$ cat run.pdb   # PDB, C-alpha atoms
ATOM      1  CA  MET P 269       0.000   0.000   0.000
ATOM      2  CA  LYS P 270       1.096   3.567  -0.501
ATOM      3  CA  LEU P 271       0.989   5.854   2.532
ATOM      4  CA  TYR P 272       0.755   9.653   2.463
ATOM      5  CA  ARG P 273       1.664  12.161   5.165
ATOM      6  CA  PHE P 274       1.744  15.943   5.250
ATOM      7  CA  LEU P 275       4.454  17.232   7.573
ATOM      8  CA  SER P 276       4.209  20.775   8.902
ATOM      9  CA  GLU P 277       6.044  22.888  11.414
ATOM     10  CA  GLU P 278       7.152  26.450  12.097
ATOM     11  CA  ASP P 279       9.818  27.663   9.661
ATOM     12  CA  THR P 280      12.746  26.672  11.875
ATOM     13  CA  SER P 281      15.291  23.893  11.830
ATOM     14  CA  ALA P 282      12.616  21.729  13.528
ATOM     15  CA  PHE P 283      10.821  21.476  10.174
ATOM     16  CA  CYS P 284      14.004  20.369   8.404
ATOM     17  CA  HIS P 285      14.657  17.790  11.124
ATOM     18  CA  LYS P 286      11.094  16.445  10.816
ATOM     19  CA  VAL P 287      11.441  16.002   7.036
ATOM     20  CA  THR P 288      14.970  14.578   7.365
ATOM     21  CA  ASP P 289      13.734  12.039   9.923
ATOM     22  CA  ALA P 290      10.951  10.925   7.556
ATOM     23  CA  LEU P 291      13.398  10.589   4.643
ATOM     24  CA  ASN P 292      15.716   8.464   6.769
ATOM     25  CA  LYS P 293      12.771   6.195   7.630
ATOM     26  CA  GLY P 294      12.134   5.510   3.947
ATOM     27  CA  TRP P 295       9.557   8.192   3.121
ATOM     28  CA  GLU P 296       9.994  10.043  -0.203
ATOM     29  CA  LEU P 297       9.229  13.673  -0.991
ATOM     30  CA  TYR P 298       5.980  14.175  -2.890
ATOM     31  CA  GLY P 299       5.507  17.508  -4.614
ATOM     32  CA  SER P 300       6.963  20.842  -3.653
ATOM     33  CA  PRO P 301       7.244  22.260  -0.137
ATOM     34  CA  THR P 302       4.835  24.997   0.908
ATOM     35  CA  GLN P 303       5.007  28.029   3.179
ATOM     36  CA  THR P 304       2.296  30.191   4.640
ATOM     37  CA  TRP P 305       2.020  32.915   7.253
ATOM     38  CA  ASP P 306       0.173  31.845  10.417
ATOM     39  CA  HIS P 307      -1.558  35.109  11.398
ATOM     40  CA  LYS P 308      -2.786  33.818  14.759
ATOM     41  CA  ALA P 309       0.646  32.619  15.929
ATOM     42  CA  GLY P 310       2.597  35.296  14.041
ATOM     43  CA  VAL P 311       4.995  32.796  12.465
ATOM     44  CA  MET P 312       5.810  31.335   9.062
ATOM     45  CA  ARG P 313       4.831  27.667   8.682
ATOM     46  CA  CYS P 314       6.283  25.121   6.247
ATOM     47  CA  GLY P 315       4.770  21.943   4.871
ATOM     48  CA  GLN P 316       5.947  18.981   2.807
ATOM     49  CA  SER P 317       4.077  15.935   1.548
ATOM     50  CA  VAL P 318       5.802  12.554   1.766
ATOM     51  CA  VAL P 319       4.813   9.083   0.545
ATOM     52  CA  LYS P 320       5.976   5.552   1.317
ATOM     53  CA  GLU P 321       5.245   2.122  -0.140
ATOM     54  CA  VAL P 322       4.762  -0.560   2.559
ATOM     55  CA  ASP P 323       3.279  -4.030   2.868
ATOM     56  CA  GLY P 324      -0.258  -4.465   4.132
ATOM     57  CA  THR P 325      -3.717  -3.099   3.495
ATOM     58  CA  TYR P 326      -4.721   0.441   4.388
ATOM     59  CA  THR P 327      -7.454   1.057   6.954
ATOM     60  CA  PRO P 328      -8.374   4.332   8.679
ATOM     61  CA  GLU P 329      -6.711   2.912  11.816
ATOM     62  CA  THR P 330      -3.308   2.679  10.055
ATOM     63  CA  LYS P 331      -0.741   4.582  12.135
ATOM     64  CA  LEU P 332       1.128   6.526   9.453
ATOM     65  CA  GLY P 333       3.915   7.704  11.752
ATOM     66  CA  ALA P 334       4.637   4.133  12.820
ATOM     67  CA  HIS P 335       5.942   3.293   9.351
TER      68      HIS P 335
END
$ encode --input "run.pdb" --output "structure tokens"
Amino acid sequence: MKLYRFLSEEDTSAFCHKVTDALNKGWELYGSPTQTWDHKAGVMRCGQSVVKEVDGTYTPETKLGAH
């Protein structure tokens, strides 16, 4: 099955670490990264989609972060 996750975080090194961790666990980048201004928090936020092919059958109970 193919899994999809959208990673997001404030525009700090924490975002880069989150994406790097996913890549090192076998996830692959999917599409371009995004940025948007979070008016309520007053910070820039980044996002990146990642995908991963794994064995099994998808159900809504699938824990994406566990893969």
$ residues_around --input "run.pdb" --residues "range 283-295 of chain P" --least-positions-apart "3" --cutoff "10 Å" --atoms "only C-alpha atoms" --output "list in words"
Leu271, Tyr272, Arg273, Phe274, Leu275, Ser276, Glu277, Glu278, Asp279, Thr280, Tyr298, Arg313, Cys314, Gly315, Gln316, Ser317, Val318, Val319, Lys320, Glu321, Val322, Gly333, Ala334 and His335 of chain P
$ atom_distance --input "run.pdb" --atom1 "CA of Ala282 in chain P" --atom2 "CA of Ser300 in chain P"
18.1 Å
$ atom_distance --input "run.pdb" --atom1 "CA of Thr327 in chain P" --atom2 "CA of Gly299 in chain P"
23.9 Å
$ atom_distance --input "run.pdb" --atom1 "CA of Ser281 in chain P" --atom2 "CA of Lys331 in chain P"
25.1 Å
